>>> print(open('data-v8.csv').read())   # CSV, C-alpha atoms
chain,number,residue,atom,x,y,z
A,1,MET,CA,0.0,0.0,0.0
A,2,THR,CA,1.4,3.4,-0.9
A,3,GLU,CA,1.7,6.1,1.8
A,4,GLU,CA,-0.8,8.2,-0.1
A,5,ALA,CA,-3.4,5.4,-0.2
A,6,MET,CA,-2.7,4.6,3.5
A,7,LEU,CA,-3.2,8.2,4.5
A,8,HIS,CA,-6.4,8.5,2.5
A,9,GLY,CA,-7.7,5.3,4.1
A,10,CYS,CA,-6.8,6.5,7.6
A,11,MET,CA,-8.5,9.8,7.0
A,12,HIS,CA,-11.7,7.8,6.3
A,13,ASN,CA,-11.2,5.5,9.3
A,14,ASP,CA,-10.4,2.5,7.2
A,15,ALA,CA,-9.2,-0.3,9.6
A,16,THR,CA,-6.9,-1.9,7.0
A,17,SER,CA,-5.1,1.5,6.4
A,18,GLN,CA,-4.8,2.1,10.1
A,19,GLN,CA,-3.3,-1.3,10.7
A,20,GLU,CA,-0.8,-0.7,7.8
A,21,LEU,CA,0.2,2.6,9.3
A,22,TYR,CA,0.6,1.1,12.7
A,23,LEU,CA,2.6,-1.9,11.4
A,24,ARG,CA,4.8,0.4,9.4
A,25,TYR,CA,5.7,2.9,12.1
A,26,SER,CA,5.1,1.2,15.5
A,27,PRO,CA,8.6,-0.4,15.8
A,28,LYS,CA,10.4,3.0,15.4
A,29,MET,CA,7.9,4.8,17.6
A,30,LEU,CA,8.2,2.1,20.3
A,31,SER,CA,11.9,2.9,20.5
A,32,VAL,CA,11.0,6.6,20.9
A,33,CYS,CA,8.6,5.9,23.7
A,34,TYR,CA,11.0,3.5,25.3
A,35,ARG,CA,13.5,6.3,25.8
A,36,TYR,CA,11.0,8.1,28.0
A,37,ALA,CA,9.4,5.2,29.8
A,38,LYS,CA,10.4,3.4,32.9
A,39,ASN,CA,9.9,-0.1,31.3
A,40,ARG,CA,8.7,-1.7,28.2
A,41,GLU,CA,5.1,-2.0,29.4
A,42,ASP,CA,5.0,1.8,30.0
A,43,ALA,CA,6.5,2.4,26.6
A,44,GLU,CA,3.8,0.2,25.0
A,45,ASP,CA,1.1,2.1,26.8
A,46,MET,CA,2.6,5.4,25.6
A,47,LEU,CA,2.8,3.9,22.1
A,48,GLN,CA,-0.9,2.9,22.1
A,49,GLU,CA,-2.0,6.3,23.4
A,50,GLY,CA,0.2,8.0,20.8
A,51,PHE,CA,-1.3,6.1,18.0
A,52,ILE,CA,-4.8,6.9,19.2
A,53,LYS,CA,-3.8,10.5,18.9
A,54,VAL,CA,-2.3,9.9,15.5
A,55,PHE,CA,-5.5,8.4,14.2
A,56,THR,CA,-7.8,11.0,15.7
A,57,GLN,CA,-5.5,13.9,14.4
A,58,ILE,CA,-4.6,12.3,11.0
A,59,ARG,CA,-6.6,15.0,9.1
A,60,GLN,CA,-4.3,17.6,10.5
A,61,PHE,CA,-1.3,16.1,8.7
A,62,GLN,CA,-0.7,18.5,5.7
A,63,ASN,CA,2.0,16.7,3.8
A,64,ARG,CA,4.6,19.3,5.0
A,65,GLY,CA,7.5,17.1,5.8
A,66,ALA,CA,7.6,13.4,6.4
A,67,LEU,CA,4.7,11.4,7.9
A,68,GLU,CA,7.2,9.6,10.2
A,69,GLY,CA,8.4,13.0,11.6
A,70,TRP,CA,4.8,14.1,12.2
A,71,ILE,CA,4.0,10.8,14.0
A,72,ARG,CA,7.3,11.0,16.0
A,73,LYS,CA,6.3,14.5,17.2
A,74,ILE,CA,3.0,13.2,18.4
A,75,MET,CA,4.7,10.3,20.2
A,76,VAL,CA,7.1,12.6,22.0
A,77,HIS,CA,4.3,15.0,23.1
A,78,THR,CA,2.3,12.0,24.3
A,79,CYS,CA,5.2,10.7,26.3
A,80,ILE,CA,5.8,14.1,27.9
A,81,ASN,CA,2.1,14.5,28.7
A,82,ILE,CA,2.0,11.1,30.4
A,83,LEU,CA,5.1,12.0,32.4
A,84,LYS,CA,3.6,15.4,33.4
A,85,LYS,CA,0.4,13.8,34.4
A,86,ASN,CA,2.3,11.4,36.6
A,87,LYS,CA,4.8,14.1,37.7
A,88,LYS,CA,7.6,11.7,36.8
A,89,PHE,CA,9.9,14.3,35.3
A,90,THR,CA,10.4,16.1,38.5
A,91,GLU,CA,12.8,13.6,39.9
A,92,SER,CA,16.1,15.1,40.7
A,93,VAL,CA,19.5,14.1,42.0
A,94,ASP,CA,21.8,16.1,44.3
A,95,ILE,CA,23.8,18.7,42.3
A,96,ILE,CA,27.0,17.6,44.1
A,97,TYR,CA,26.9,14.3,42.2
A,98,ALA,CA,26.7,16.1,38.9
A,99,ASN,CA,30.0,17.9,39.6
A,100,SER,CA,31.9,14.7,40.2
A,101,VAL,CA,32.8,14.1,36.6
A,102,GLN,CA,33.9,16.2,33.6
A,103,ILE,CA,31.3,17.0,31.0
A,104,LYS,CA,32.1,16.1,27.4
A,105,GLU,CA,30.1,16.6,24.3
A,106,ASP,CA,31.6,16.2,20.9
A,107,VAL,CA,33.2,12.9,19.9
A,108,ILE,CA,31.8,9.5,21.0
A,109,PRO,CA,34.1,6.5,20.5
A,110,SER,CA,33.1,4.5,17.4
A,111,ILE,CA,32.7,1.3,19.5
A,112,LEU,CA,29.8,2.8,21.3
A,113,GLN,CA,26.6,1.4,19.9
A,114,ALA,CA,23.2,3.2,19.9
A,115,LYS,CA,21.7,0.4,22.0
A,116,GLN,CA,24.4,0.9,24.7
A,117,VAL,CA,23.7,4.6,24.8
A,118,ILE,CA,20.0,4.1,25.1
A,119,GLU,CA,20.4,1.6,28.0
A,120,CYS,CA,22.7,4.0,29.8
A,121,ILE,CA,20.3,6.9,29.2
A,122,ARG,CA,17.5,4.8,30.6
A,123,MET,CA,19.5,4.5,33.9
A,124,LEU,CA,19.2,8.2,34.5
A,125,PRO,CA,16.5,9.7,36.8
A,126,MET,CA,13.3,10.4,34.9
A,127,GLY,CA,13.8,14.2,34.9
A,128,TYR,CA,17.3,14.0,33.6
A,129,LYS,CA,16.4,11.3,31.0
A,130,THR,CA,13.5,13.4,29.7
A,131,VAL,CA,15.5,16.6,29.3
A,132,LEU,CA,18.4,14.8,27.7
A,133,ASN,CA,16.1,13.0,25.2
A,134,LEU,CA,14.3,16.2,24.3
A,135,TYR,CA,17.4,18.3,23.9
A,136,ALA,CA,20.2,16.0,22.6
A,137,ILE,CA,18.1,13.5,20.6
A,138,GLU,CA,14.9,15.3,19.6
A,139,GLY,CA,16.5,18.7,19.1
A,140,TYR,CA,14.2,20.9,21.2
A,141,SER,CA,15.6,24.1,22.7
A,142,HIS,CA,15.7,24.6,26.5
A,143,LYS,CA,13.0,27.2,26.1
A,144,GLU,CA,10.7,24.7,24.3
A,145,ILE,CA,11.5,22.0,26.9
A,146,GLY,CA,10.7,24.4,29.7
A,147,ASN,CA,7.3,25.1,28.1
A,148,MET,CA,6.6,21.4,27.5
A,149,LEU,CA,7.5,20.4,31.0
A,150,ASP,CA,6.2,23.5,32.8
A,151,ILE,CA,9.6,24.3,34.2
A,152,GLU,CA,12.0,27.2,33.9
A,153,GLU,CA,14.4,27.3,31.0
A,154,SER,CA,17.3,27.5,33.5
A,155,THR,CA,15.9,24.3,35.1
A,156,SER,CA,16.0,22.5,31.8
A,157,ARG,CA,19.6,23.7,31.2
A,158,SER,CA,20.7,22.5,34.7
A,159,GLN,CA,18.9,19.1,34.3
A,160,TYR,CA,20.7,18.7,31.0
A,161,THR,CA,24.1,19.5,32.4
A,162,ARG,CA,23.5,17.1,35.3
A,163,ALA,CA,22.2,14.4,32.9
A,164,LYS,CA,25.3,14.7,30.8
A,165,ALA,CA,27.6,14.4,33.8
A,166,MET,CA,25.7,11.4,35.2
A,167,LEU,CA,25.5,9.7,31.8
A,168,GLU,CA,29.3,10.1,31.4
A,169,ASP,CA,29.8,8.5,34.8
A,170,ILE,CA,27.5,5.6,33.9
A,171,LEU,CA,29.4,5.1,30.6
A,172,ILE,CA,32.7,5.2,32.4
A,173,ARG,CA,31.5,2.7,35.1
A,174,LYS,CA,30.3,0.3,32.4
A,175,LYS,CA,33.7,0.7,30.6
A,176,ILE,CA,32.0,2.0,27.5
A,177,ILE,CA,34.2,5.1,27.5
A,178,GLN,CA,37.4,5.9,29.5
A,179,ARG,CA,37.7,8.7,32.0
A,180,PRO,CA,39.1,11.6,30.1
A,181,LYS,CA,42.6,13.0,30.7
A,182,GLU,CA,41.4,16.4,29.6
A,183,LYS,CA,38.0,17.9,28.9
A,184,GLU,CA,36.5,16.7,25.6
A,185,GLU,CA,33.1,17.2,24.1
A,186,TRP,CA,31.1,14.1,23.1
A,187,LEU,CA,27.3,14.0,23.7
A,188,SER,CA,26.2,16.3,20.8
A,189,ALA,CA,27.5,13.6,18.5
A,190,VAL,CA,24.9,11.1,19.7
A,191,LYS,CA,22.3,10.5,17.0
A,192,ILE,CA,19.7,7.9,17.9
A,193,ASN,CA,16.6,7.3,15.8
>>> encode(input="data-v8.csv", output="structure tokens")
Amino acid sequence: MTEEAMLHGCMHNDATSQQELYLRYSPKMLSVCYRYAKNREDAEDMLQEGFIKVFTQIRQFQNRGALEGWIRKIMVHTCINILKKNKKFTESVDIIYANSVQIKEDVIPSILQAKQVIECIRMLPMGYKTVLNLYAIEGYSHKEIGNMLDIEESTSRSQYTRAKAMLEDILIRKKIIQRPKEKEEWLSAVKIN
């Protein structure tokens, strides 16, 4: 089924077209949800709620950009709304911990696989994980993140800084990267789909 035919069918509540859209995009969208969820079951719940929104809002898709990008945006907003509803993004960790390691941001070792990064990100407290995902992976600004999470822009920045430091510590403890001899930048190179 072509994307155009699938979209047309979804706009007319055709179950076959909806199933095709779900089968085509759910694996990638589950990985998006998984980055925000505490466990796979929560990610699957987020995915289902996100697809309900996709199907109810499909008429708003105006073929500006990729359908996958439009669906991804709905998924991210669904995840954030669920976290806000449950107040899960407000978890925090003592600022002293965040100062215990150097912050790096530019070059990740080539041996580091996306799966390893995701698993390490998932170990972060929910607030850190959420801001890190939104900023470093989804590309939202701190101002946008602040608006999405109902927090100050400065809070988003500090959560991101702490998340990077904690993530670096996790990567070092898991021997995925080595403790740096001098300050290097590495996290901005992380691209996870």
>>> residues_around(input="data-v8.csv", residues="A:Met75", least_positions_apart="2", cutoff="10 Å", atoms="all atoms listed in the file", output="number ranges by chain")
A: 29-30, 32-33, 46-51, 53-54, 69-73, 77-81
>>> residues_around(input="data-v8.csv", residues="A:Ser154", least_positions_apart="4", cutoff="12 Å", atoms="all atoms listed in the file", output="PyMOL selection string")
chain A and resi 131+141-147+150+158-161
>>> residues_around(input="data-v8.csv", residues="A:Cys10", least_positions_apart="5", cutoff="10 Å", atoms="all atoms listed in the file", output="compact mmCIF listing (two decimals) with C-alpha atoms, in the coordinates of the input")
# COMPACT_ATOMS: atom_id res chain seq x y z
CA GLU A 4 -0.80 8.20 -0.10
CA ALA A 5 -3.40 5.40 -0.20
CA ALA A 15 -9.20 -0.30 9.60
CA THR A 16 -6.90 -1.90 7.00
CA SER A 17 -5.10 1.50 6.40
CA GLN A 18 -4.80 2.10 10.10
CA GLN A 19 -3.30 -1.30 10.70
CA GLU A 20 -0.80 -0.70 7.80
CA LEU A 21 0.20 2.60 9.30
CA VAL A 54 -2.30 9.90 15.50
CA PHE A 55 -5.50 8.40 14.20
CA THR A 56 -7.80 11.00 15.70
CA ILE A 58 -4.60 12.30 11.00
CA ARG A 59 -6.60 15.00 9.10
>>> atom_distance(input="data-v8.csv", atom1="atom CA of A:Met148", atom2="atom CA of A:Ile82")
11.6 Å
